[in-house]
Amino acid sequence: MRLRPWRVAAIVVAGIAAGLIWNAVSGRGLALRANAFLREGDSIEEIPAAEAKRRLDAGALFLDARPADFYPLGHITGALSLPEDDFDRAFTRLEAPLRGRFDIVVYCSGFGCEASHLVARRLREKGVAAAVLLDGWPAWTGAGYPTRTGADP
Amino acid sequence: MKALQLLLAVALGAIFVYASVDKIADPRAFARIVYHYQVIGPSARLGFAPANAVAVALPWIEALTGTLLIVGLWRREAALVSALLLVVFLAAAGSALARGIDIENCGCFTVGGEGRRAGWRLLAEDAAMLAAALFVLGAPARDLRDRAAAAAPAR
């Protein structure tokens with residue numbers, strides 16, 4: 001039995017077509033250009049680095065959602081560490097300064113990183129509004145915005 | 001030899017169909033896992049579309065390939081597609097591992113909450129499945145021999 005290349009292509013094309021059709025009609029699909037880190041019913045605000053810098057200059061509070069080890073190696077100037085993987089403990093420690101703030105921006109290590117969205121979502125559950133920095137740390141450092149190293153904010 | 005090929009084809013097909021179910025049920029959750037790999041975005045340059053398209057299409061290619069392997073239609077072609085998919089999986093997991101990206105849920109079988117970590121064990125299993133897929137595909141040498149036999153004039 002000979003291998004027929006057109007059949008290989010047909011399997012792949014049919015799979016792609018089925019996926020696109022299912023995505024359109026199933027009601028479970030996602031918009032192809034949308035960010036799937038945002039879930040249905042989320043009202044998390046996503047802001048680009050330039051807007052985040054403007055807010056920093058205006059006195060916004062930044063939260064670093066990456067694992068705690070990253071923080072001393074480099075973080076956005078003035079940011080506090082609120083690691084997603086240690087949220088409950090960190091939130092208890094930071095609750096007082098977070099309450100009553102309406103200018104919080106959360107970031108993590110970039111587009112492939114979900115921690116900032118998870119932290120923003122959990123903060124919202126606690127009644128604290130927070131925006132997410134789009135593309136996180138690499139967008140910030142790529143633009144040359146201020147960072148610092150060390151354990152203390 | 002034939003019986004083992006059949007057995008492996010059905011087993012591989014069952015794994016592929018099983019792997020597709022959860023992803024088809026929740027493409028949004030699977031898209032988030034694709035993001036974690038950081039292979040085809042999302043990034044500032046690519047945006048979200050390529051990663052989302054993979055999340056939408058890949059599970060259906062898996063399901064179709066698996067079904068064909070089980071029922072035995074276009075089996076060699078389906079085996080080749082499954083082998084290509086496994087090469088892609090190996091490359092994605094291997095590159096994540098090499099770049100130090102910790103992927104808590106590899107998105108192999110489940111997409112919600114807890115899953116299997118992308119690590120050395122996963123690479124080994126993918127490689128084993130790749131070997132099985134190539135075995136189902138059949139030794140190329142035999143294919144060539146068949147072709148040569150068909151082309152040669154009968155004596």
# chains A, B, ... in the order shown; residues from 1 in each chain; ligands from 1
>>> closest_atom_pairs(of="chain B", to="chain A", cutoff="8 Å", atoms="only C-alpha atoms", output="Markdown table")
| residue | atom | partner | partner_atom | distance |
| --- | --- | --- | --- | --- |
| B:Ala25 | CA | A:Arg28 | CA | 7.4 |
| B:Asp26 | CA | A:Arg28 | CA | 6.7 |
| B:Pro27 | CA | A:Gly29 | CA | 6.4 |
| B:Arg28 | CA | A:Ala36 | CA | 5.7 |
| B:Ala29 | CA | A:Ala36 | CA | 7.4 |
| B:Ala31 | CA | A:Ala36 | CA | 6.2 |
| B:Arg32 | CA | A:Ala36 | CA | 5.8 |
| B:Tyr35 | CA | A:Gly112 | CA | 4.8 |
| B:His36 | CA | A:Gly112 | CA | 4.6 |
| B:Tyr37 | CA | A:Gly112 | CA | 6.9 |
| B:Gln38 | CA | A:Gly112 | CA | 5.4 |
| B:Gly41 | CA | A:Gly112 | CA | 7.3 |
| B:Pro42 | CA | A:Phe111 | CA | 5.7 |
| B:Ser43 | CA | A:Phe111 | CA | 5.8 |
| B:Ala44 | CA | A:Asp135 | CA | 7.3 |
| B:Gly47 | CA | A:Arg33 | CA | 7.2 |
| B:Phe48 | CA | A:Arg33 | CA | 5.3 |
| B:Ala49 | CA | A:Arg33 | CA | 4.7 |
| B:Asn52 | CA | A:Leu32 | CA | 5.5 |
| B:Ala53 | CA | A:Leu32 | CA | 6.4 |
| B:Val56 | CA | A:Gly19 | CA | 5.3 |
| B:Ala57 | CA | A:Gly19 | CA | 4.5 |
| B:Leu58 | CA | A:Ile16 | CA | 7.2 |
| B:Pro59 | CA | A:Gly19 | CA | 7.5 |
| B:Trp60 | CA | A:Gly15 | CA | 4.8 |
| B:Ile61 | CA | A:Gly15 | CA | 4.1 |
| B:Glu62 | CA | A:Gly15 | CA | 7.7 |
| B:Ala63 | CA | A:Gly15 | CA | 8.0 |
| B:Leu64 | CA | A:Gly15 | CA | 6.4 |
| B:Thr65 | CA | A:Ile11 | CA | 7.0 |
| B:Trp74 | CA | A:Arg7 | CA | 7.4 |
| B:Arg76 | CA | A:Leu3 | CA | 6.4 |
| B:Glu77 | CA | A:Val8 | CA | 5.2 |
| B:Ala78 | CA | A:Val8 | CA | 6.9 |
| B:Leu80 | CA | A:Val8 | CA | 7.3 |
| B:Val81 | CA | A:Val8 | CA | 6.4 |
| B:Asp143 | CA | A:Arg2 | CA | 7.1 |
>>> write_last_selection(atoms="C-alpha atoms", output="PDB file, in the first residue's frame")
ATOM      1  CA  ALA B  25     -14.591  20.686  25.034  1.00  0.00           C
ATOM      2  CA  ASP B  26     -12.676  23.753  26.233  1.00  0.00           C
ATOM      3  CA  PRO B  27     -10.600  25.420  23.492  1.00  0.00           C
ATOM      4  CA  ARG B  28     -10.166  28.535  25.619  1.00  0.00           C
ATOM      5  CA  ALA B  29      -8.447  26.583  28.393  1.00  0.00           C
ATOM      6  CA  ALA B  31      -5.324  28.149  24.283  1.00  0.00           C
ATOM      7  CA  ARG B  32      -3.997  29.280  27.681  1.00  0.00           C
ATOM      8  CA  TYR B  35       0.417  30.362  25.478  1.00  0.00           C
ATOM      9  CA  HIS B  36       2.477  28.887  28.295  1.00  0.00           C
ATOM     10  CA  TYR B  37       4.781  27.137  25.824  1.00  0.00           C
ATOM     11  CA  GLN B  38       5.684  30.530  24.247  1.00  0.00           C
ATOM     12  CA  GLY B  41       3.162  33.497  20.671  1.00  0.00           C
ATOM     13  CA  PRO B  42       1.302  35.258  21.907  1.00  0.00           C
ATOM     14  CA  SER B  43       3.851  37.997  21.514  1.00  0.00           C
ATOM     15  CA  ALA B  44       3.892  41.642  20.535  1.00  0.00           C
ATOM     16  CA  GLY B  47      -0.466  38.715  18.587  1.00  0.00           C
ATOM     17  CA  PHE B  48      -2.825  36.029  19.856  1.00  0.00           C
ATOM     18  CA  ALA B  49      -4.140  34.645  16.558  1.00  0.00           C
ATOM     19  CA  ASN B  52      -5.445  30.559  19.256  1.00  0.00           C
ATOM     20  CA  ALA B  53      -5.601  28.925  15.815  1.00  0.00           C
ATOM     21  CA  VAL B  56      -8.721  25.496  17.828  1.00  0.00           C
ATOM     22  CA  ALA B  57      -7.364  23.206  15.082  1.00  0.00           C
ATOM     23  CA  LEU B  58      -4.893  20.857  16.787  1.00  0.00           C
ATOM     24  CA  PRO B  59      -7.406  18.837  18.864  1.00  0.00           C
ATOM     25  CA  TRP B  60      -9.495  18.133  15.761  1.00  0.00           C
ATOM     26  CA  ILE B  61      -6.484  16.933  13.802  1.00  0.00           C
ATOM     27  CA  GLU B  62      -5.721  14.649  16.761  1.00  0.00           C
ATOM     28  CA  ALA B  63      -9.291  13.361  16.865  1.00  0.00           C
ATOM     29  CA  LEU B  64      -9.438  12.714  13.126  1.00  0.00           C
ATOM     30  CA  THR B  65      -6.026  11.045  13.042  1.00  0.00           C
ATOM     31  CA  TRP B  74      -5.891   5.620   5.407  1.00  0.00           C
ATOM     32  CA  ARG B  76      -0.408   4.767   6.871  1.00  0.00           C
ATOM     33  CA  GLU B  77      -1.242   8.408   6.153  1.00  0.00           C
ATOM     34  CA  ALA B  78      -2.846   8.770   9.599  1.00  0.00           C
ATOM     35  CA  LEU B  80       2.387   9.796   9.327  1.00  0.00           C
ATOM     36  CA  VAL B  81       0.224  12.677  10.590  1.00  0.00           C
ATOM     37  CA  ASP B 143       7.764   0.171   0.545  1.00  0.00           C
TER      38      ASP B 143
END
>>> residues_around(residues="Ile103 in chain B", least_positions_apart="2", cutoff="10 Å", atoms="only C-alpha atoms", output="PyMOL selection string")
chain B and resi 33+36-37+93+96-97+100-101+105-107+115-119
>>> write_last_selection(atoms="N, CA and C atoms", output="PDB file, in the first residue's frame")
ATOM      1  N   ILE B  33      -2.953  27.076  27.664  1.00  0.00           N
ATOM      2  CA  ILE B  33      -1.806  26.167  27.778  1.00  0.00           C
ATOM      3  C   ILE B  33      -0.839  26.380  26.615  1.00  0.00           C
ATOM      4  N   HIS B  36       1.411  29.154  27.327  1.00  0.00           N
ATOM      5  CA  HIS B  36       2.477  28.887  28.295  1.00  0.00           C
ATOM      6  C   HIS B  36       3.754  28.384  27.626  1.00  0.00           C
ATOM      7  N   TYR B  37       3.601  27.665  26.521  1.00  0.00           N
ATOM      8  CA  TYR B  37       4.781  27.137  25.824  1.00  0.00           C
ATOM      9  C   TYR B  37       5.628  28.257  25.202  1.00  0.00           C
ATOM     10  N   ALA B  93       7.746  20.761  23.756  1.00  0.00           N
ATOM     11  CA  ALA B  93       8.085  20.436  25.148  1.00  0.00           C
ATOM     12  C   ALA B  93       9.589  20.544  25.369  1.00  0.00           C
ATOM     13  N   ALA B  96      10.571  24.225  25.521  1.00  0.00           N
ATOM     14  CA  ALA B  96      10.150  24.818  26.795  1.00  0.00           C
ATOM     15  C   ALA B  96      11.112  24.403  27.909  1.00  0.00           C
ATOM     16  N   LEU B  97      11.463  23.125  27.889  1.00  0.00           N
ATOM     17  CA  LEU B  97      12.386  22.589  28.898  1.00  0.00           C
ATOM     18  C   LEU B  97      13.749  23.279  28.779  1.00  0.00           C
ATOM     19  N   GLY B 100      13.853  26.708  30.118  1.00  0.00           N
ATOM     20  CA  GLY B 100      13.573  26.821  31.544  1.00  0.00           C
ATOM     21  C   GLY B 100      12.151  27.256  31.847  1.00  0.00           C
ATOM     22  N   ILE B 101      11.238  27.073  30.890  1.00  0.00           N
ATOM     23  CA  ILE B 101       9.838  27.413  31.142  1.00  0.00           C
ATOM     24  C   ILE B 101       9.189  26.237  31.853  1.00  0.00           C
ATOM     25  N   ASN B 105       1.003  22.144  33.435  1.00  0.00           N
ATOM     26  CA  ASN B 105       0.094  21.235  32.756  1.00  0.00           C
ATOM     27  C   ASN B 105       0.479  21.216  31.280  1.00  0.00           C
ATOM     28  N   CYS B 106       0.941  20.065  30.811  1.00  0.00           N
ATOM     29  CA  CYS B 106       1.452  19.990  29.441  1.00  0.00           C
ATOM     30  C   CYS B 106       0.335  20.107  28.418  1.00  0.00           C
ATOM     31  N   GLY B 107      -0.940  19.947  28.857  1.00  0.00           N
ATOM     32  CA  GLY B 107      -2.051  20.030  27.914  1.00  0.00           C
ATOM     33  C   GLY B 107      -2.155  18.785  27.050  1.00  0.00           C
ATOM     34  N   GLY B 115      -2.662  18.985  35.739  1.00  0.00           N
ATOM     35  CA  GLY B 115      -2.301  18.165  34.586  1.00  0.00           C
ATOM     36  C   GLY B 115      -0.916  17.616  34.810  1.00  0.00           C
ATOM     37  N   ARG B 116      -0.355  17.039  33.759  1.00  0.00           N
ATOM     38  CA  ARG B 116       0.983  16.479  33.880  1.00  0.00           C
ATOM     39  C   ARG B 116       2.001  17.539  33.509  1.00  0.00           C
ATOM     40  N   ARG B 117       3.098  17.556  34.232  1.00  0.00           N
ATOM     41  CA  ARG B 117       4.148  18.524  33.991  1.00  0.00           C
ATOM     42  C   ARG B 117       4.921  18.157  32.724  1.00  0.00           C
ATOM     43  N   ALA B 118       5.317  19.166  31.975  1.00  0.00           N
ATOM     44  CA  ALA B 118       6.129  18.911  30.784  1.00  0.00           C
ATOM     45  C   ALA B 118       7.571  18.718  31.240  1.00  0.00           C
ATOM     46  N   GLY B 119       8.060  17.508  31.172  1.00  0.00           N
ATOM     47  CA  GLY B 119       9.427  17.224  31.621  1.00  0.00           C
ATOM     48  C   GLY B 119      10.030  16.084  30.830  1.00  0.00           C
TER      49      GLY B 119
END
>>> residues_around(residues="Arg75 in chain B", least_positions_apart="5", cutoff="8 Å", atoms="only C-alpha atoms", output="number ranges by chain")
B: 9, 68-69, 136-137
>>> residues_around(residues="Tyr18 in chain B", least_positions_apart="5", cutoff="10 Å", atoms="only C-alpha atoms", output="list of chain:residue names")
B:Leu12, B:Gly13, B:Lys23, B:Glu62, B:Ala63, B:Gly66, B:Cys108, B:Phe109, B:Thr110
>>> write_last_selection(atoms="N, CA and C atoms", output="CSV table (one decimal), in the first residue's frame")
chain,number,residue,atom,x,y,z
B,12,LEU,N,-2.5,3.6,19.6
B,12,LEU,CA,-2.1,5.0,19.3
B,12,LEU,C,-3.3,5.9,19.0
B,13,GLY,N,-4.2,5.3,18.1
B,13,GLY,CA,-5.5,6.0,17.8
B,13,GLY,C,-6.3,6.3,19.0
B,23,LYS,N,-9.7,19.0,25.1
B,23,LYS,CA,-9.3,20.2,24.4
B,23,LYS,C,-10.4,20.7,23.5
B,62,GLU,N,-6.0,15.8,15.9
B,62,GLU,CA,-5.7,14.6,16.8
B,62,GLU,C,-6.9,13.7,16.7
B,63,ALA,N,-8.1,14.2,16.8
B,63,ALA,CA,-9.3,13.4,16.9
B,63,ALA,C,-9.5,12.6,15.5
B,66,GLY,N,-6.7,10.0,15.1
B,66,GLY,CA,-6.9,8.9,16.0
B,66,GLY,C,-8.0,8.0,15.5
B,108,CYS,N,-1.6,17.7,27.5
B,108,CYS,CA,-1.6,16.5,26.7
B,108,CYS,C,-3.0,15.8,26.8
B,109,PHE,N,-3.5,15.7,28.0
B,109,PHE,CA,-4.8,15.0,28.1
B,109,PHE,C,-5.9,15.9,28.7
B,110,THR,N,-5.5,16.7,29.7
B,110,THR,CA,-6.5,17.5,30.3
B,110,THR,C,-6.1,19.0,30.2
>>> select_by_dssp(residues="range 27-131 of chain B", states="alpha helix (DSSP H)", output="VMD selection string")
chain B and resid 27 to 37 49 to 71 75 to 98 120 to 131
>>> select_by_dssp(residues="chain A", states="strand (DSSP E or B)", output="short mmCIF file (atom, residue, chain, number, x, y, z; two decimals) with N, CA and C atoms, in the first residue's frame")
data_model
loop_
_atom_site.label_atom_id
_atom_site.label_comp_id
_atom_site.auth_asym_id
_atom_site.auth_seq_id
_atom_site.Cartn_x
_atom_site.Cartn_y
_atom_site.Cartn_z
N GLU A 45 -8.75 45.03 33.23
CA GLU A 45 -8.24 46.01 32.28
C GLU A 45 -6.80 45.66 31.92
N GLU A 46 -6.50 45.62 30.62
CA GLU A 46 -5.13 45.37 30.17
C GLU A 46 -4.56 46.66 29.61
N ILE A 47 -3.37 47.03 30.04
CA ILE A 47 -2.79 48.29 29.57
C ILE A 47 -1.38 48.06 29.00
N LEU A 61 0.40 51.97 42.15
CA LEU A 61 1.07 50.91 42.90
C LEU A 61 1.22 49.69 41.99
N PHE A 62 2.46 49.21 41.82
CA PHE A 62 2.71 48.05 40.96
C PHE A 62 2.90 46.80 41.81
N LEU A 63 2.36 45.68 41.31
CA LEU A 63 2.50 44.39 41.99
C LEU A 63 3.19 43.40 41.06
N ASP A 64 4.21 42.73 41.58
CA ASP A 64 4.97 41.74 40.82
C ASP A 64 4.40 40.36 41.12
N HIS A 75 12.94 44.27 39.34
CA HIS A 75 11.50 44.50 39.32
C HIS A 75 11.24 45.95 38.95
N ILE A 76 9.98 46.25 38.63
CA ILE A 76 9.62 47.62 38.31
C ILE A 76 9.78 48.48 39.57
N LEU A 80 5.65 46.06 44.58
CA LEU A 80 5.65 45.13 45.71
C LEU A 80 5.52 43.72 45.15
N SER A 81 6.08 42.74 45.88
CA SER A 81 6.00 41.35 45.42
C SER A 81 4.71 40.71 45.92
N ILE A 104 -3.87 50.20 40.88
CA ILE A 104 -2.94 49.07 40.97
C ILE A 104 -2.70 48.48 39.58
N VAL A 105 -1.43 48.16 39.29
CA VAL A 105 -1.07 47.50 38.04
C VAL A 105 -0.30 46.23 38.38
N VAL A 106 -0.75 45.08 37.85
CA VAL A 106 -0.08 43.80 38.10
C VAL A 106 0.69 43.40 36.85
N TYR A 107 1.88 42.81 37.06
CA TYR A 107 2.63 42.32 35.90
C TYR A 107 3.31 41.00 36.24
N ALA A 130 -7.59 45.94 39.86
CA ALA A 130 -6.21 46.03 39.39
C ALA A 130 -6.18 45.86 37.89
N ALA A 131 -5.30 46.60 37.22
CA ALA A 131 -5.08 46.44 35.78
C ALA A 131 -3.91 45.50 35.56
N VAL A 132 -3.83 44.93 34.36
CA VAL A 132 -2.73 44.02 34.01
C VAL A 132 -1.84 44.70 32.96
N LEU A 133 -0.53 44.65 33.19
CA LEU A 133 0.42 45.19 32.21
C LEU A 133 0.59 44.19 31.08
N THR A 147 13.71 50.24 36.42
CA THR A 147 13.65 49.02 37.24
C THR A 147 14.69 49.15 38.33
N ARG A 148 14.60 48.26 39.31
CA ARG A 148 15.69 48.21 40.28
C ARG A 148 15.82 46.78 40.78
#
>>> closest_residue(among="A:Trp140, A:Ser43, A:Arg89, A:Val25", to="Glu125 in chain A", atoms="only C-alpha atoms")
A:Ser43
>>> atom_distance(atom1="CA of Ala68 in chain A", atom2="CA of Thr141 in chain A")
18.6 Å
>>> closest_residue(among="A:Leu73, A:Ala49, A:Leu98, A:Ala60", to="Arg124 in chain A", atoms="only C-alpha atoms")
A:Leu98
>>> residues_around(residues="Val10 in chain B", least_positions_apart="4", cutoff="8 Å", atoms="only C-alpha atoms", output="list in words")
Leu6, Ala14, Leu69, Ile70 and Val71 of chain B
